[in-house]
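Peer 1: Input work_18.cif, format and content: mmCIF, C-alpha atoms.
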```
data_run
loop_
_atom_site.label_atom_id
_atom_site.label_comp_id
_atom_site.auth_asym_id
_atom_site.auth_seq_id
_atom_site.Cartn_x
_atom_site.Cartn_y
_atom_site.Cartn_z
CA MET W 1 6.15 10.76 8.64
CA LEU W 2 4.89 9.38 5.32
CA ARG W 3 1.77 7.39 4.63
CA VAL W 4 0.03 6.15 1.49
CA ALA W 5 -2.99 8.43 1.01
CA GLU W 6 -4.35 6.81 -2.16
CA GLN W 7 -3.49 3.78 -4.27
CA TYR W 8 -4.57 1.90 -7.38
CA ALA W 9 -3.69 -1.53 -8.76
CA GLY W 10 -4.75 -2.86 -12.14
CA THR W 11 -3.56 -5.54 -14.53
CA ASP W 12 -4.70 -6.46 -18.03
CA THR W 13 -3.86 -9.38 -20.33
CA GLY W 14 -3.50 -7.07 -23.32
CA ARG W 15 -4.69 -7.77 -26.84
CA GLN W 16 -2.16 -10.30 -28.05
CA ARG W 17 -1.56 -12.61 -25.08
CA ARG W 18 -3.85 -15.44 -24.07
CA ALA W 19 -2.92 -15.44 -20.39
CA ASN W 20 -1.58 -12.92 -17.93
CA GLU W 21 1.86 -13.78 -16.53
CA ASP W 22 2.17 -10.57 -14.50
CA SER W 23 1.70 -10.65 -10.72
CA HIS W 24 1.49 -7.80 -8.27
CA LEU W 25 1.09 -6.89 -4.63
CA ALA W 26 -0.46 -3.62 -3.45
CA ARG W 27 -0.57 -3.69 0.32
CA ALA W 28 0.59 -0.38 1.73
CA PRO W 29 3.34 0.36 2.58
CA LEU W 30 4.66 -2.41 0.25
CA PHE W 31 4.07 -2.64 -3.51
CA VAL W 32 5.47 -5.20 -5.96
CA VAL W 33 5.27 -5.79 -9.73
CA ALA W 34 6.63 -8.99 -11.33
CA ASP W 35 6.54 -9.88 -15.04
CA GLY W 36 7.06 -13.61 -15.62
CA MET W 37 8.67 -15.34 -18.56
CA GLY W 38 9.02 -18.94 -19.65
CA GLY W 39 7.21 -21.66 -21.58
CA ALA W 40 3.66 -22.82 -20.90
CA GLN W 41 2.54 -21.24 -17.62
CA ALA W 42 6.03 -21.10 -16.13
CA GLY W 43 6.19 -17.31 -16.29
CA GLU W 44 3.01 -17.05 -14.27
CA VAL W 45 4.50 -19.41 -11.68
CA ALA W 46 7.73 -17.41 -11.43
CA SER W 47 6.02 -14.05 -11.02
CA ARG W 48 3.63 -15.47 -8.43
CA ILE W 49 6.51 -16.90 -6.37
CA ALA W 50 8.26 -13.52 -6.49
CA VAL W 51 5.20 -11.69 -5.19
CA GLU W 52 4.46 -14.34 -2.54
CA SER W 53 7.93 -13.78 -1.09
CA PHE W 54 6.89 -10.24 -0.15
CA GLU W 55 3.43 -10.98 1.24
CA GLY W 56 4.72 -11.24 4.79
CA GLY W 57 6.05 -7.69 4.61
CA LEU W 58 9.38 -6.40 5.88
CA HIS W 59 10.60 -7.55 9.28
CA GLY W 60 13.37 -6.63 11.65
CA PRO W 61 15.18 -3.40 12.41
CA GLY W 62 17.37 -3.44 9.29
CA GLU W 63 17.35 -0.90 6.49
CA PRO W 64 14.46 -1.27 4.01
CA GLU W 65 16.82 -1.59 1.03
CA GLU W 66 18.55 -4.62 2.49
CA ALA W 67 15.27 -6.16 3.65
CA LEU W 68 13.83 -5.81 0.13
CA ALA W 69 16.99 -7.26 -1.41
CA GLN W 70 16.90 -10.26 0.94
CA LEU W 71 13.32 -11.05 -0.03
CA ALA W 72 14.24 -10.73 -3.72
CA ARG W 73 17.17 -13.11 -3.31
CA ALA W 74 14.97 -15.58 -1.43
CA ALA W 75 12.47 -15.47 -4.32
CA ASN W 76 15.31 -16.02 -6.79
CA ALA W 77 16.45 -19.13 -4.91
CA ARG W 78 12.94 -20.59 -4.87
CA ILE W 79 12.34 -19.95 -8.57
CA HIS W 80 15.77 -21.29 -9.55
CA GLU W 81 15.30 -24.46 -7.51
CA LEU W 82 11.83 -25.08 -8.94
CA SER W 83 12.96 -24.52 -12.52
CA HIS W 84 15.64 -27.20 -12.07
CA SER W 85 13.33 -29.75 -10.44
CA HIS W 86 10.42 -29.52 -12.91
CA ALA W 87 11.16 -29.94 -16.61
CA GLU W 88 8.04 -28.06 -17.71
CA GLN W 89 9.24 -24.98 -15.81
CA ALA W 90 12.88 -25.09 -16.85
CA GLY W 91 14.33 -21.68 -17.62
CA MET W 92 11.48 -19.71 -16.12
CA GLY W 93 12.14 -16.33 -14.59
CA THR W 94 10.57 -13.02 -13.71
CA THR W 95 11.34 -9.35 -13.40
CA LEU W 96 10.79 -7.64 -10.07
CA THR W 97 10.25 -4.09 -8.88
CA ALA W 98 9.51 -3.85 -5.15
CA PHE W 99 8.69 -0.53 -3.50
CA TYR W 100 8.46 0.33 0.20
CA VAL W 101 7.20 3.56 1.80
CA GLY W 102 9.20 4.32 4.94
CA GLU W 103 8.99 7.16 7.44
CA ARG W 104 10.87 9.69 5.29
CA GLU W 105 12.05 7.81 2.22
CA VAL W 106 10.81 5.36 -0.35
CA SER W 107 13.03 2.35 -1.07
CA ILE W 108 13.21 0.19 -4.20
CA ALA W 109 14.60 -3.26 -5.03
CA HIS W 110 14.76 -3.93 -8.75
CA VAL W 111 15.70 -6.67 -11.22
CA GLY W 112 14.74 -6.71 -14.91
CA ASP W 113 12.81 -4.24 -17.05
CA SER W 114 9.71 -3.48 -15.02
CA ARG W 115 9.94 0.12 -13.87
CA ALA W 116 9.26 2.65 -11.13
CA TYR W 117 8.55 6.33 -11.80
CA ARG W 118 7.92 9.39 -9.65
CA LEU W 119 5.60 12.23 -10.57
CA ARG W 120 6.49 15.33 -8.57
CA GLY W 121 4.68 18.44 -9.65
CA ALA W 122 4.79 18.35 -13.44
CA GLU W 123 7.99 16.28 -13.70
CA LEU W 124 8.04 12.53 -14.32
CA THR W 125 11.30 10.83 -13.31
CA ARG W 126 12.28 7.22 -13.88
CA LEU W 127 13.70 5.73 -10.67
CA THR W 128 14.97 2.39 -12.04
CA ASP W 129 17.32 1.29 -14.83
CA ASP W 130 16.23 -1.49 -17.18
CA HIS W 131 18.37 -4.62 -17.10
CA SER W 132 17.93 -5.16 -20.82
CA LEU W 133 20.22 -5.49 -23.80
CA VAL W 134 18.94 -2.27 -25.35
CA ASP W 135 19.43 -0.23 -22.16
CA GLU W 136 22.94 -1.62 -21.75
CA LEU W 137 23.74 -0.46 -25.28
CA LEU W 138 22.19 2.91 -24.54
CA ARG W 139 24.29 3.36 -21.41
CA GLN W 140 27.39 2.45 -23.42
CA GLY W 141 26.51 5.03 -26.06
CA ARG W 142 26.21 2.38 -28.77
CA LEU W 143 22.54 3.16 -29.44
CA THR W 144 20.57 6.37 -29.65
CA PRO W 145 17.17 6.63 -27.92
CA GLU W 146 15.53 6.67 -31.34
CA GLU W 147 17.33 3.50 -32.41
CA ALA W 148 16.44 1.82 -29.13
CA LEU W 149 12.72 2.29 -29.77
CA GLU W 150 12.84 0.06 -32.85
CA HIS W 151 15.65 -2.31 -31.91
CA PRO W 152 14.69 -5.93 -32.75
CA GLN W 153 16.08 -7.20 -29.42
CA ARG W 154 14.49 -4.61 -27.19
CA SER W 155 12.65 -7.34 -25.24
CA VAL W 156 15.84 -9.25 -24.31
CA ILE W 157 16.59 -8.74 -20.62
CA THR W 158 20.02 -9.29 -19.10
CA ARG W 159 18.98 -9.90 -15.49
CA ALA W 160 15.98 -11.64 -13.90
CA LEU W 161 14.97 -13.71 -10.89
CA GLY W 162 15.33 -17.45 -11.50
CA PRO W 163 17.77 -18.17 -14.35
CA GLU W 164 20.84 -18.11 -12.08
CA GLY W 165 21.41 -19.31 -8.54
CA PHE W 166 22.54 -15.84 -7.50
CA VAL W 167 21.11 -12.53 -8.68
CA GLU W 168 22.35 -8.98 -8.20
CA VAL W 169 19.56 -6.77 -6.92
CA ASP W 170 19.63 -3.02 -7.49
CA THR W 171 18.45 -1.05 -4.44
CA ARG W 172 17.89 2.65 -4.03
CA SER W 173 16.17 5.07 -1.66
CA TYR W 174 14.73 8.48 -2.40
CA THR W 175 13.50 11.24 -0.13
CA ALA W 176 9.76 11.58 -0.64
CA HIS W 177 7.73 14.79 -0.65
CA ASP W 178 4.12 15.35 0.30
CA GLY W 179 1.93 14.71 -2.76
CA ASP W 180 4.43 12.61 -4.72
CA VAL W 181 2.79 10.06 -7.03
CA TYR W 182 4.68 6.83 -7.77
CA LEU W 183 4.06 4.48 -10.70
CA LEU W 184 5.20 0.84 -10.81
CA CYS W 185 4.54 -1.02 -14.04
CA SER W 186 5.48 -3.96 -16.21
CA ASP W 187 6.98 -3.39 -19.63
CA GLY W 188 3.61 -4.08 -21.20
CA LEU W 189 2.93 -0.42 -20.47
CA THR W 190 6.29 1.18 -21.25
CA THR W 191 6.87 -0.65 -24.56
CA MET W 192 3.50 0.59 -25.78
CA VAL W 193 3.34 4.09 -24.31
CA PRO W 194 6.32 6.50 -24.51
CA GLU W 195 7.35 8.35 -21.36
CA GLU W 196 6.10 11.68 -22.71
CA ARG W 197 2.62 10.19 -23.04
CA LEU W 198 2.87 8.60 -19.58
CA ALA W 199 3.56 12.03 -18.13
CA GLU W 200 0.65 13.58 -20.04
CA LEU W 201 -1.82 10.98 -18.81
CA LEU W 202 -0.62 11.15 -15.22
CA LEU W 203 -0.79 14.94 -15.18
CA ALA W 204 -4.28 14.84 -16.66
CA TYR W 205 -5.79 12.25 -14.31
CA ALA W 206 -3.64 11.64 -11.22
CA PRO W 207 -4.39 14.93 -9.40
CA LYS W 208 -8.07 13.95 -9.21
CA SER W 209 -8.09 10.14 -9.17
CA LEU W 210 -5.38 7.48 -9.30
CA ARG W 211 -7.99 4.99 -10.46
CA ASP W 212 -8.80 7.15 -13.48
CA ALA W 213 -5.08 7.58 -14.16
CA GLY W 214 -4.42 3.83 -13.96
CA GLU W 215 -7.34 2.97 -16.23
CA ALA W 216 -6.18 5.59 -18.72
CA LEU W 217 -2.65 4.15 -18.78
CA ILE W 218 -3.91 0.60 -19.39
CA ALA W 219 -6.29 1.82 -22.09
CA ALA W 220 -3.46 3.70 -23.83
CA ALA W 221 -1.28 0.58 -23.90
CA ASN W 222 -4.11 -1.46 -25.42
CA GLU W 223 -4.92 1.23 -27.96
CA ALA W 224 -1.27 1.15 -29.05
CA GLY W 225 -1.49 -2.59 -29.70
CA GLY W 226 -1.43 -4.25 -26.27
CA ARG W 227 1.31 -6.68 -27.27
CA ASP W 228 2.03 -7.77 -23.70
CA ASN W 229 0.41 -8.04 -20.29
CA ILE W 230 -0.02 -4.65 -18.64
CA THR W 231 0.24 -4.07 -14.89
CA VAL W 232 -0.03 -0.63 -13.29
CA LEU W 233 0.34 0.27 -9.61
CA LEU W 234 -0.08 3.89 -8.52
CA LEU W 235 0.27 5.40 -5.06
CA ARG W 236 0.19 8.89 -3.66
CA VAL W 237 2.05 9.69 -0.44
CA GLU W 238 1.33 12.38 2.07
CA GLU W 239 3.34 13.64 5.00
CA LEU W 240 1.71 13.46 8.42
CA ASP W 241 2.43 16.12 11.00
CA THR W 242 3.69 14.18 14.01
CA SER W 243 5.04 17.17 15.93
CA LEU W 244 3.89 17.14 19.52
CA ALA W 245 2.39 20.14 21.31
CA PRO W 246 4.97 21.89 23.54
CA ALA W 247 5.01 20.57 27.08
CA THR W 248 3.18 22.79 29.57
CA GLU W 249 5.04 24.25 32.49
CA GLU W 250 4.78 22.07 35.55
CA SER W 251 2.04 23.14 37.92
CA PRO W 252 3.30 24.44 41.27
CA ALA W 253 1.03 21.93 42.95
CA ALA W 254 2.93 19.11 41.32
CA ARG W 255 6.38 20.22 42.49
CA VAL W 256 7.74 17.96 45.19
CA ALA W 257 9.49 19.46 48.16
CA PRO W 258 12.39 17.73 49.89
CA GLY W 259 11.14 14.77 51.83
CA GLY W 260 8.44 13.90 49.34
CA ALA W 261 5.70 16.39 50.28
CA SER W 262 4.33 18.71 47.70
CA ALA W 263 5.49 22.32 47.81
CA THR W 264 1.90 23.47 48.13
CA GLY W 265 1.33 21.16 51.03
CA THR W 266 4.49 22.41 52.74
CA ALA W 267 3.47 26.03 52.29
CA GLN W 268 0.04 25.30 53.65
CA ALA W 269 1.57 23.59 56.65
CA LEU W 270 3.71 26.69 57.34
CA ARG W 271 0.63 28.88 57.22
CA GLU W 272 -1.25 26.72 59.78
CA PRO W 273 -1.03 28.07 63.33
CA PRO W 274 1.14 25.89 65.54
CA PRO W 275 -0.69 23.76 68.05
CA THR W 276 -1.20 25.49 71.42
CA THR W 277 0.31 24.02 74.50
CA ALA W 278 -0.88 26.00 77.56
CA GLY W 279 -4.56 25.53 78.20
CA ALA W 280 -5.02 23.40 75.12
CA HIS W 281 -7.26 20.37 75.05
CA SER W 282 -5.72 16.97 74.70
CA ASP W 283 -6.64 14.80 71.69
CA ALA W 284 -9.16 12.97 73.80
CA GLU W 285 -10.73 16.21 74.99
CA ALA W 286 -10.71 18.04 71.68
CA PRO W 287 -14.14 19.50 71.04
CA VAL W 288 -15.97 18.17 68.05
CA VAL W 289 -16.82 20.90 65.60
CA ALA W 290 -19.64 20.08 63.20
CA ARG W 291 -18.99 21.33 59.64
CA ARG W 292 -21.67 21.75 57.03
CA PRO W 293 -20.77 19.80 53.86
CA ARG W 294 -19.70 22.07 50.99
CA ARG W 295 -21.93 21.99 48.01
CA PRO W 296 -20.21 22.18 44.65
CA GLY W 297 -20.53 25.58 43.11
CA PRO W 298 -22.02 26.16 39.65
CA GLN W 299 -18.60 26.27 38.00
CA ARG W 300 -17.47 23.00 39.55
CA SER W 301 -20.73 21.23 38.60
CA GLY W 302 -20.46 22.50 35.02
CA ARG W 303 -16.88 21.31 34.81
CA ARG W 304 -17.86 17.83 36.00
CA ARG W 305 -20.67 17.65 33.46
CA ARG W 306 -18.26 18.60 30.68
CA ILE W 307 -15.79 15.93 31.79
CA ARG W 308 -18.52 13.28 31.85
CA ARG W 309 -19.75 14.40 28.42
CA ALA W 310 -16.23 14.32 26.99
CA GLY W 311 -15.72 10.82 28.40
CA ALA W 312 -18.95 9.61 26.80
CA VAL W 313 -17.93 11.10 23.44
CA ALA W 314 -14.53 9.43 23.69
CA VAL W 315 -16.17 6.05 24.33
CA VAL W 316 -18.48 6.48 21.32
CA ILE W 317 -15.55 7.45 19.08
CA ALA W 318 -13.54 4.44 20.26
CA VAL W 319 -16.46 2.09 19.51
CA LEU W 320 -16.91 3.61 16.04
CA VAL W 321 -13.19 3.22 15.34
CA VAL W 322 -13.31 -0.46 16.31
CA ILE W 323 -16.40 -1.04 14.17
CA GLY W 324 -14.85 0.83 11.23
CA ALA W 325 -11.61 -1.13 11.50
CA GLY W 326 -13.53 -4.41 11.58
CA ALA W 327 -15.59 -3.38 8.54
CA TYR W 328 -12.43 -2.39 6.65
CA VAL W 329 -10.78 -5.73 7.38
CA ALA W 330 -13.93 -7.56 6.28
CA LEU W 331 -14.09 -5.63 3.01
CA GLN W 332 -10.47 -6.53 2.26
CA SER W 333 -11.17 -10.26 2.55
CA VAL W 334 -14.08 -10.67 0.13
CA TYR W 335 -14.18 -10.46 -3.66
CA PHE W 336 -16.70 -10.56 -6.46
CA ILE W 337 -16.57 -10.78 -10.25
CA GLY W 338 -18.05 -8.13 -12.53
CA THR W 339 -17.05 -5.98 -15.50
CA ASN W 340 -15.13 -2.72 -15.70
CA GLY W 341 -15.96 0.30 -17.82
CA ARG W 342 -14.50 -1.39 -20.91
CA GLY W 343 -16.67 -4.48 -20.52
CA LEU W 344 -13.80 -6.74 -19.41
CA VAL W 345 -14.33 -9.41 -16.76
CA THR W 346 -12.81 -7.98 -13.57
CA VAL W 347 -12.15 -9.23 -10.05
CA PHE W 348 -13.16 -6.62 -7.47
CA ARG W 349 -12.15 -6.53 -3.81
CA GLY W 350 -14.93 -5.54 -1.40
CA VAL W 351 -18.70 -5.63 -1.71
CA PRO W 352 -20.74 -4.47 -4.72
CA TYR W 353 -22.33 -1.43 -3.09
CA LYS W 354 -21.87 2.32 -2.94
CA LEU W 355 -22.46 4.70 -0.06
CA PRO W 356 -24.22 8.05 -0.50
CA GLY W 357 -21.92 10.43 -2.30
CA ASN W 358 -20.93 7.73 -4.79
CA ILE W 359 -18.38 6.23 -2.39
CA ALA W 360 -17.65 2.71 -3.63
CA LEU W 361 -17.11 -0.11 -1.15
CA TYR W 362 -15.00 -2.00 -3.67
CA SER W 363 -11.90 -1.57 -5.80
CA SER W 364 -10.56 -3.26 -8.93
CA ASP W 365 -8.11 -6.02 -8.04
CA TYR W 366 -7.53 -7.76 -11.39
CA VAL W 367 -8.67 -6.94 -14.94
CA SER W 368 -8.75 -9.92 -17.30
CA GLY W 369 -8.47 -9.88 -21.06
CA VAL W 370 -11.86 -11.54 -21.48
CA GLY W 371 -14.77 -9.42 -22.67
CA ALA W 372 -18.13 -10.16 -21.07
CA SER W 373 -19.72 -10.10 -24.52
CA THR W 374 -17.75 -13.23 -25.49
CA LEU W 375 -19.39 -15.33 -22.76
CA THR W 376 -22.57 -17.33 -23.22
CA PRO W 377 -25.67 -15.79 -21.59
CA GLN W 378 -25.75 -18.59 -19.01
CA ARG W 379 -22.09 -18.07 -18.10
CA ARG W 380 -22.58 -14.31 -17.79
CA HIS W 381 -25.56 -14.88 -15.51
CA THR W 382 -23.73 -17.25 -13.16
CA LEU W 383 -20.30 -15.58 -13.23
CA LEU W 384 -21.22 -11.90 -13.10
CA ASP W 385 -23.94 -12.09 -10.44
CA HIS W 386 -21.75 -10.22 -7.91
CA SER W 387 -21.72 -13.17 -5.50
CA LEU W 388 -19.13 -12.72 -2.75
CA ARG W 389 -16.18 -15.09 -3.18
CA SER W 390 -12.78 -15.80 -1.71
CA GLU W 391 -9.73 -14.41 -3.47
CA ALA W 392 -8.64 -17.90 -4.54
CA ASN W 393 -12.07 -18.79 -5.94
CA ALA W 394 -12.42 -15.56 -7.92
CA ALA W 395 -8.87 -15.79 -9.29
CA SER W 396 -9.35 -19.46 -10.29
CA LEU W 397 -12.55 -18.71 -12.20
CA VAL W 398 -11.05 -15.80 -14.11
CA ARG W 399 -7.86 -17.72 -14.87
CA SER W 400 -9.97 -20.57 -16.32
CA LEU W 401 -11.77 -18.02 -18.52
CA GLU W 402 -8.45 -16.63 -19.79
CA LEU W 403 -7.18 -20.11 -20.60
CA GLY W 404 -10.36 -20.91 -22.54
CA GLU W 405 -11.36 -23.71 -20.18
CA VAL W 406 -14.85 -22.25 -19.72
CA GLU W 407 -17.00 -20.13 -22.02
#
```
Write the structure described by the file as structure tokens, please.
Peer 2:
Amino acid sequence: MLRVAEQYAGTDTGRQRRANEDSHLARAPLFVVADGMGGAQAGEVASRIAVESFEGGLHGPGEPEEALAQLARAANARIHELSHSHAEQAGMGTTLTAFYVGEREVSIAHVGDSRAYRLRGAELTRLTDDHSLVDELLRQGRLTPEEALEHPQRSVITRALGPEGFVEVDTRSYTAHDGDVYLLCSDGLTTMVPEERLAELLLAYAPKSLRDAGEALIAAANEAGGRDNITVLLLRVEELDTSLAPATEESPAARVAPGGASATGTAQALREPPPTTAGAHSDAEAPVVARRPRRPGPQRSGRRRRIRRAGAVAVVIAVLVVIGAGAYVALQSVYFIGTNGRGLVTVFRGVPYKLPGNIALYSSDYVSGVGASTLTPQRRHTLLDHSLRSEANAASLVRSLELGEVE
């Protein structure tokens, strides 16, 4: 059985965009990247609707591929309807790459030119096909890979959520192996960083830390120009051993003889001497024989003490598990605003503390394109004081910064 052992999610406005129109969801076992497009803030609206459609997770007994595709089509219908009812959002759309970790396989639903990759060992494999004009020409053999890199229409996509009332969703499933690392990203990464460099960075950083790998990928895209928003999701899967211990042979004492009595009881009854008849006392006259109560031997007393001790340990472990689960849920529901290693204003999930051993109780949830050095001292003092906030409050403040509404 598979589980997500480690994950990272990061997004960055880039160096040439004023706002970030990417949206993402990283809630194991479901991961989604959406890259919006459209005038004003319409792209941001479209990508957010796409991601919101997946927030409830997958339901029902159906195959993951079909469940993912249904959610993608539902998002398409919502975006299409909204774009036709609001003039300022006309023509908006978004790409979508949704990824689900099942028991043995990973499943993908895909529309547009965001991508999914798999790093297995030293080999990086692309798992999705771009729905773009350039990739269509490549598949038809009308362009070489070298020509595609510099094609003037490389950003034109041929399929997205929103522009049409119906959308064809590509779905695929792949058998996963223990230790596989998967990358989901918007084209703000792949148009800036060639696949050879992606592989180099993942091989250099992912074995030790997916956070370091994700930060390195975002930094590489910005160093190459950062022409678009950059979103990177990384996850590592591991295979859990769910094999059960072999069943023990049934104890003879547990075997039931015909009639419902235990076999041991039956044998014991056969060994008992039959009641005497001649000269025997009746029930009323049966002599009373006083028996001295048996004291438990040393072995039996030790066994009882071990059972009681094991029960107490089990209770303590159960209490700790409940407390730990409650603490984890609490950490997932609070946010604060600070700066990352590059000095960019960042929304963090969790609390701003570290445990001994440098174990952080927080993780990066959203990296803005606003440098802390560009803020006034008063704004830095009030915004970056690590106060705990709700997700909506933190996102609203950072979005206002990106739009230049506050300084």
Peer 1: Distance atom CA of W:Ala213-atom CA of W:Leu234, one decimal place?
Peer 2: 8.4 Å
Peer 1: If you apply the PyMOL selection byres ((chain W and resi 380) around 12) to this file, what residues do you get, as a PyMOL selection string?
Peer 2: chain W and resi 337-339+343-345+370-379+381-386+401+406-407
Peer 1: Please work out which residues fall within 7 Å of (9.2, 10.9, 3.2), coordinates as given in the file, with all atoms listed in the file counting, and return them as a compact mmCIF listing (two decimals) with C-alpha atoms, in the frame of the given file.
Peer 2:
```
# COMPACT_ATOMS: atom_id res chain seq x y z
CA MET W 1 6.15 10.76 8.64
CA LEU W 2 4.89 9.38 5.32
CA GLY W 102 9.20 4.32 4.94
CA GLU W 103 8.99 7.16 7.44
CA ARG W 104 10.87 9.69 5.29
CA GLU W 105 12.05 7.81 2.22
CA VAL W 106 10.81 5.36 -0.35
CA THR W 175 13.50 11.24 -0.13
CA ALA W 176 9.76 11.58 -0.64
CA HIS W 177 7.73 14.79 -0.65
CA GLU W 239 3.34 13.64 5.00
```
Peer 1: Please report the interatomic distance between atom CA of W:Val51 and atom CA of W:His131 in Å with one decimal.
Peer 2: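 Distance between the two atoms: 19.1 Å.
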Peer 1: For the PyMOL selection byres ((chain W and resi 162) around 6), applied here, can you spell out every residue it catches as a list in words?
Peer 2: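 Applying the expression gives Asn76, Ile79, His80, Gly93, Leu161, Pro163 and Glu164 of chain W.
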Peer 1: Between atom CA of W:Asn229 and atom CA of W:Leu133, what is the spacing in Å?
Peer 2: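 Atom-to-atom, atom CA of W:Leu133 to atom CA of W:Asn229, that is 20.3 Å.
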Peer 1: At a cut-off of 7 Å from (3.8, 15.9, 1.3) in the coordinates of the file, what residues are picked up using only C-alpha atoms, written as JSON, numbers by chain?
Peer 2: {"W": [177, 178, 179, 180, 237, 238, 239]}
Peer 1: Taking all atoms listed in the file into account, name the residue in W:Gly121, W:Gly91, W:Gly350, W:Gly60 that is nearest to W:Ala204.
Peer 2: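 Among W:Gly121, W:Gly91, W:Gly350, W:Gly60, it is W:Gly121 that comes nearest to W:Ala204.
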